[in-house]
Amino acid sequence: MKRSRKYQELAKQVDRANLYESAEALALAKKTATSKFDETIEVHIKTGCDGRHAEQQVRGAVVLPHGTGKTVKVLVFAKGVKLDEAQAAGADHVGGEELIPKIQNDGWLDFDVVVATPDMMGVVGRLGRVLGPKGLMPNPKAGTVTMDVTKAINDIKAGKIEYRLDKANIIHVPIGKASFTEEQLADNFQSLMDAVIKARPSALKGQYIRSCTVASTMGPGVKINVASLVK
């Protein structure tokens with residue numbers, strides 16, 4: 001893959017053979033985010049799991065202490081008093097069955113997270129083919145299938161993020177923006193790692209976290225010393 005000259009210049013600041021301590025890696029990721037827009041700082045964690053086996057799946061959610069720096073739009077599927085509760089809690093969109101054709105047929109996807117009360121999952125399940133591939137399907141493990149819609153919305157707006165394995169058994173998660181301080185990024189990174197380490201599947205044999213890389217949207221990846229993360 002051919003990289004731009006700017007990227008190549010930034011990459012020279014990172015020693016690809018070196019495993020950095022997390023604080024240094026985050027500082028480098030921040031330093032190499034030189035675009036005109038406020039780049040996202042992302043963490044990529046390669047695991048030793050085999051996600052094809054249900055007992056080795058890793059999925060959950062964590063509230064980042066300083067949020068992600070992104071305004072998140074929340075859609076809530078509910079009915080009755082829960083609709084009013086969701087609106088009062090600050091949901092961007094609320095509704096029920098009437099939203100199905102809008103999403104299915106009109107391709108409406110003006111939301112980042114979907115929350116549903118358990119009694120609405122039969123309806124929401126019909127959107128599996130649309131929401132599933134985009135990682136938008138509500139899930140009890142992520143706290144997005146719940147009767148406590150107020151807490152779900154408050155957590156999401158405060159910076160709750162979901163982590164899960166992709167097909168290559170890697171977790172990709174945003175932990176903030178390049179405009180964040182190094183301390184804010186470090187706090188968010190630690191909260192994420194604590195949650196992921198705690199979520200280690202009991203069925204997994206061998207090494208859980210194989211590698212961890214941090215990078216800005218347009219910047220080079222910086223490898224972190226995994227041994228210092230997993231005590």
# chains A, B, ... in the order shown; residues from 1 in each chain; ligands from 1
$ closest_atom_pairs --of "region 75-140 of chain A" --to "region 151-173 of chain A" --cutoff "9 Å" --atoms "only C-alpha atoms" --output "tab-separated table"
residue	atom	partner	partner_atom	distance
A:Val76	CA	A:Ile153	CA	8.7
A:Ala86	CA	A:Ile153	CA	7.6
A:Ala89	CA	A:Ile153	CA	6.6
A:Gly90	CA	A:Ile153	CA	7.1
A:Ala91	CA	A:Ile153	CA	6.5
A:Val113	CA	A:Ile156	CA	8.1
A:Val115	CA	A:Ala152	CA	7.5
$ residues_around --residues "Ile224 (chain A)" --least-positions-apart "5" --cutoff "6 Å" --atoms "only C-alpha atoms" --output "PDB file with all heavy atoms, in the first residue's frame"
ATOM      1  N   LEU A  19       8.758  -1.482  21.252  1.00  0.00           N
ATOM      2  CA  LEU A  19       7.487  -1.594  21.975  1.00  0.00           C
ATOM      3  C   LEU A  19       7.488  -0.501  23.039  1.00  0.00           C
ATOM      4  O   LEU A  19       8.304  -0.512  23.956  1.00  0.00           O
ATOM      5  CB  LEU A  19       7.348  -2.975  22.624  1.00  0.00           C
ATOM      6  CG  LEU A  19       7.237  -4.170  21.664  1.00  0.00           C
ATOM      7  CD1 LEU A  19       7.197  -5.478  22.450  1.00  0.00           C
ATOM      8  CD2 LEU A  19       6.003  -4.049  20.779  1.00  0.00           C
ATOM      9  N   TYR A  20       6.595   0.457  22.882  1.00  0.00           N
ATOM     10  CA  TYR A  20       6.557   1.629  23.758  1.00  0.00           C
ATOM     11  C   TYR A  20       5.690   1.379  24.994  1.00  0.00           C
ATOM     12  O   TYR A  20       4.742   0.602  24.949  1.00  0.00           O
ATOM     13  CB  TYR A  20       5.980   2.827  22.996  1.00  0.00           C
ATOM     14  CG  TYR A  20       6.848   3.336  21.874  1.00  0.00           C
ATOM     15  CD1 TYR A  20       6.767   2.786  20.592  1.00  0.00           C
ATOM     16  CD2 TYR A  20       7.747   4.388  22.079  1.00  0.00           C
ATOM     17  CE1 TYR A  20       7.554   3.262  19.547  1.00  0.00           C
ATOM     18  CE2 TYR A  20       8.543   4.869  21.036  1.00  0.00           C
ATOM     19  CZ  TYR A  20       8.431   4.307  19.780  1.00  0.00           C
ATOM     20  OH  TYR A  20       9.221   4.771  18.747  1.00  0.00           O
ATOM     21  N   GLU A  21       6.019   2.064  26.076  1.00  0.00           N
ATOM     22  CA  GLU A  21       5.124   2.080  27.228  1.00  0.00           C
ATOM     23  C   GLU A  21       3.896   2.910  26.825  1.00  0.00           C
ATOM     24  O   GLU A  21       3.992   3.786  25.968  1.00  0.00           O
ATOM     25  CB  GLU A  21       5.811   2.675  28.459  1.00  0.00           C
ATOM     26  CG  GLU A  21       6.976   1.844  28.974  1.00  0.00           C
ATOM     27  CD  GLU A  21       6.594   0.389  29.247  1.00  0.00           C
ATOM     28  OE1 GLU A  21       5.607   0.158  29.980  1.00  0.00           O
ATOM     29  OE2 GLU A  21       7.265  -0.510  28.729  1.00  0.00           O
ATOM     30  N   SER A  22       2.756   2.634  27.438  1.00  0.00           N
ATOM     31  CA  SER A  22       1.507   3.228  26.963  1.00  0.00           C
ATOM     32  C   SER A  22       1.532   4.757  26.955  1.00  0.00           C
ATOM     33  O   SER A  22       1.065   5.380  25.996  1.00  0.00           O
ATOM     34  CB  SER A  22       0.324   2.711  27.790  1.00  0.00           C
ATOM     35  OG  SER A  22       0.500   3.003  29.156  1.00  0.00           O
ATOM     36  N   CYS A 212      -0.908  -4.699  20.923  1.00  0.00           N
ATOM     37  CA  CYS A 212      -1.755  -3.530  21.127  1.00  0.00           C
ATOM     38  C   CYS A 212      -1.096  -2.344  20.427  1.00  0.00           C
ATOM     39  O   CYS A 212       0.082  -2.056  20.658  1.00  0.00           O
ATOM     40  CB  CYS A 212      -1.916  -3.253  22.622  1.00  0.00           C
ATOM     41  SG  CYS A 212      -2.968  -1.830  22.980  1.00  0.00           S
ATOM     42  N   THR A 213      -1.841  -1.701  19.551  1.00  0.00           N
ATOM     43  CA  THR A 213      -1.315  -0.575  18.779  1.00  0.00           C
ATOM     44  C   THR A 213      -2.231   0.618  18.950  1.00  0.00           C
ATOM     45  O   THR A 213      -3.454   0.478  18.976  1.00  0.00           O
ATOM     46  CB  THR A 213      -1.232  -0.943  17.279  1.00  0.00           C
ATOM     47  OG1 THR A 213      -0.453  -2.124  17.136  1.00  0.00           O
ATOM     48  CG2 THR A 213      -0.605   0.169  16.461  1.00  0.00           C
TER      49      THR A 213
END
$ atom_distance --atom1 "CA of Asp110 (chain A)" --atom2 "CA of Val74 (chain A)"
9.0 Å
$ closest_residue --among "A:Met120, A:Gln87, A:Arg52, A:Glu24" --to "Leu99 (chain A)" --atoms "only C-alpha atoms"
A:Met120
$ residues_around --residues "Lys82 (chain A)" --least-positions-apart "5" --cutoff "12 Å" --atoms "only C-alpha atoms" --output "list in words"
Val76, Phe77, Gln87, Ala88, Ala89, Ala91, Val94, Gly95, Gly96, Val115, Ala116, Thr117, Pro118, Asp119, Met120, Thr146, Met147, Asp148, Val149 and Thr150 of chain A
$ write_last_selection --atoms "N, CA, C and O atoms" --output "CSV table (one decimal), in the first residue's frame"
chain,number,residue,atom,x,y,z
A,76,VAL,N,-33.7,5.2,20.3
A,76,VAL,CA,-34.3,4.2,21.3
A,76,VAL,C,-35.6,3.6,20.7
A,76,VAL,O,-36.5,4.4,20.3
A,77,PHE,N,-35.7,2.3,20.7
A,77,PHE,CA,-36.9,1.6,20.4
A,77,PHE,C,-37.6,1.3,21.7
A,77,PHE,O,-37.0,0.6,22.6
A,87,GLN,N,-37.2,10.1,25.7
A,87,GLN,CA,-37.2,11.5,25.2
A,87,GLN,C,-36.6,12.5,26.3
A,87,GLN,O,-35.8,13.3,26.1
A,88,ALA,N,-37.1,12.3,27.5
A,88,ALA,CA,-36.7,13.1,28.7
A,88,ALA,C,-35.2,13.0,29.0
A,88,ALA,O,-34.6,13.9,29.4
A,89,ALA,N,-34.7,11.8,28.7
A,89,ALA,CA,-33.3,11.5,29.0
A,89,ALA,C,-32.3,12.1,27.9
A,89,ALA,O,-31.1,12.0,28.0
A,91,ALA,N,-32.6,11.3,24.3
A,91,ALA,CA,-32.5,10.4,23.1
A,91,ALA,C,-32.7,11.3,21.9
A,91,ALA,O,-33.6,12.2,21.9
A,94,VAL,N,-36.7,8.6,19.0
A,94,VAL,CA,-37.4,7.5,19.7
A,94,VAL,C,-38.6,7.0,18.9
A,94,VAL,O,-39.1,7.8,18.0
A,95,GLY,N,-38.9,5.8,19.0
A,95,GLY,CA,-40.0,5.2,18.2
A,95,GLY,C,-40.2,3.7,18.4
A,95,GLY,O,-39.6,3.1,19.3
A,96,GLY,N,-41.0,3.2,17.5
A,96,GLY,CA,-41.3,1.7,17.6
A,96,GLY,C,-41.3,1.2,16.2
A,96,GLY,O,-40.5,1.5,15.4
A,115,VAL,N,-30.6,1.7,21.2
A,115,VAL,CA,-31.0,1.1,22.5
A,115,VAL,C,-32.4,0.6,22.3
A,115,VAL,O,-33.2,1.2,21.6
A,116,ALA,N,-32.7,-0.5,23.0
A,116,ALA,CA,-34.1,-1.1,22.9
A,116,ALA,C,-34.5,-1.7,24.2
A,116,ALA,O,-33.6,-2.2,24.9
A,117,THR,N,-35.8,-1.5,24.6
A,117,THR,CA,-36.3,-2.2,25.7
A,117,THR,C,-36.5,-3.7,25.3
A,117,THR,O,-36.7,-4.0,24.1
A,118,PRO,N,-36.4,-4.6,26.3
A,118,PRO,CA,-36.5,-6.1,25.9
A,118,PRO,C,-37.8,-6.4,25.1
A,118,PRO,O,-37.7,-7.3,24.2
A,119,ASP,N,-38.9,-5.7,25.5
A,119,ASP,CA,-40.1,-6.1,24.8
A,119,ASP,C,-40.2,-5.6,23.3
A,119,ASP,O,-41.1,-5.9,22.6
A,120,MET,N,-39.1,-4.8,22.9
A,120,MET,CA,-39.1,-4.3,21.5
A,120,MET,C,-38.1,-5.1,20.7
A,120,MET,O,-38.0,-4.9,19.5
A,146,THR,N,-32.3,-2.9,27.5
A,146,THR,CA,-32.5,-2.6,28.9
A,146,THR,C,-33.8,-1.9,29.1
A,146,THR,O,-34.3,-1.2,28.3
A,147,MET,N,-34.4,-2.1,30.3
A,147,MET,CA,-35.6,-1.3,30.7
A,147,MET,C,-35.2,0.1,31.2
A,147,MET,O,-36.0,1.0,31.3
A,148,ASP,N,-33.9,0.2,31.7
A,148,ASP,CA,-33.4,1.4,32.3
A,148,ASP,C,-32.9,2.3,31.1
A,148,ASP,O,-31.6,2.5,31.0
A,149,VAL,N,-33.7,2.8,30.3
A,149,VAL,CA,-33.3,3.6,29.1
A,149,VAL,C,-32.6,4.9,29.5
A,149,VAL,O,-31.7,5.3,28.9
A,150,THR,N,-33.0,5.5,30.7
A,150,THR,CA,-32.4,6.7,31.1
A,150,THR,C,-30.9,6.5,31.4
A,150,THR,O,-30.0,7.3,30.9
$ select_by_dssp --residues "region 40-209 of chain A" --states "strand (DSSP E)" --output "MDAnalysis selection string"
chainID A and resid 40:47 59:63 74:77 93:95 113:116 160:164 170:177 209
$ write_last_selection --atoms "C-alpha atoms" --output "short mmCIF file (atom, residue, chain, number, x, y, z; two decimals), in the first residue's frame"
data_model
loop_
_atom_site.label_atom_id
_atom_site.label_comp_id
_atom_site.auth_asym_id
_atom_site.auth_seq_id
_atom_site.Cartn_x
_atom_site.Cartn_y
_atom_site.Cartn_z
CA THR A 40 -9.52 10.35 16.53
CA ILE A 41 -7.06 8.34 18.63
CA GLU A 42 -7.81 4.64 18.23
CA VAL A 43 -6.61 1.50 19.99
CA HIS A 44 -6.29 -1.82 18.14
CA ILE A 45 -5.96 -4.92 20.33
CA LYS A 46 -5.08 -8.24 18.68
CA THR A 47 -6.27 -11.15 20.81
CA ARG A 59 -17.89 -8.18 23.91
CA GLY A 60 -18.80 -5.49 26.37
CA ALA A 61 -18.91 -1.78 27.03
CA VAL A 62 -17.06 0.73 29.16
CA VAL A 63 -17.67 4.39 30.01
CA VAL A 74 -28.93 7.70 20.15
CA LEU A 75 -32.00 5.94 18.73
CA VAL A 76 -34.30 4.25 21.26
CA PHE A 77 -36.90 1.60 20.42
CA HIS A 93 -34.72 9.64 18.09
CA VAL A 94 -37.41 7.49 19.73
CA GLY A 95 -40.04 5.22 18.24
CA VAL A 113 -26.10 3.76 18.87
CA VAL A 114 -29.38 1.85 19.13
CA VAL A 115 -31.00 1.14 22.51
CA ALA A 116 -34.07 -1.08 22.88
CA LYS A 160 -19.71 4.83 26.79
CA ILE A 161 -18.12 2.77 24.02
CA GLU A 162 -18.64 -0.81 22.98
CA TYR A 163 -15.77 -3.20 22.29
CA ARG A 164 -16.01 -6.48 20.42
CA ILE A 170 -9.06 -7.76 16.82
CA ILE A 171 -10.76 -5.10 18.95
CA HIS A 172 -10.84 -1.57 17.45
CA VAL A 173 -11.90 1.23 19.79
CA PRO A 174 -11.72 5.06 19.77
CA ILE A 175 -10.42 6.51 23.05
CA GLY A 176 -10.59 10.23 22.33
CA LYS A 177 -9.35 13.00 20.08
CA ILE A 209 -3.60 -10.00 24.32
#
$ atom_distance --atom1 "CA of Tyr208 (chain A)" --atom2 "CA of Leu28 (chain A)"
25.3 Å
$ atom_distance --atom1 "CA of Val226 (chain A)" --atom2 "CA of Asn139 (chain A)"
29.1 Å
$ closest_residue --among "A:Gln13, A:Ser191, A:Thr71, A:Ser202" --to "Val58 (chain A)" --atoms "only C-alpha atoms"
A:Ser202
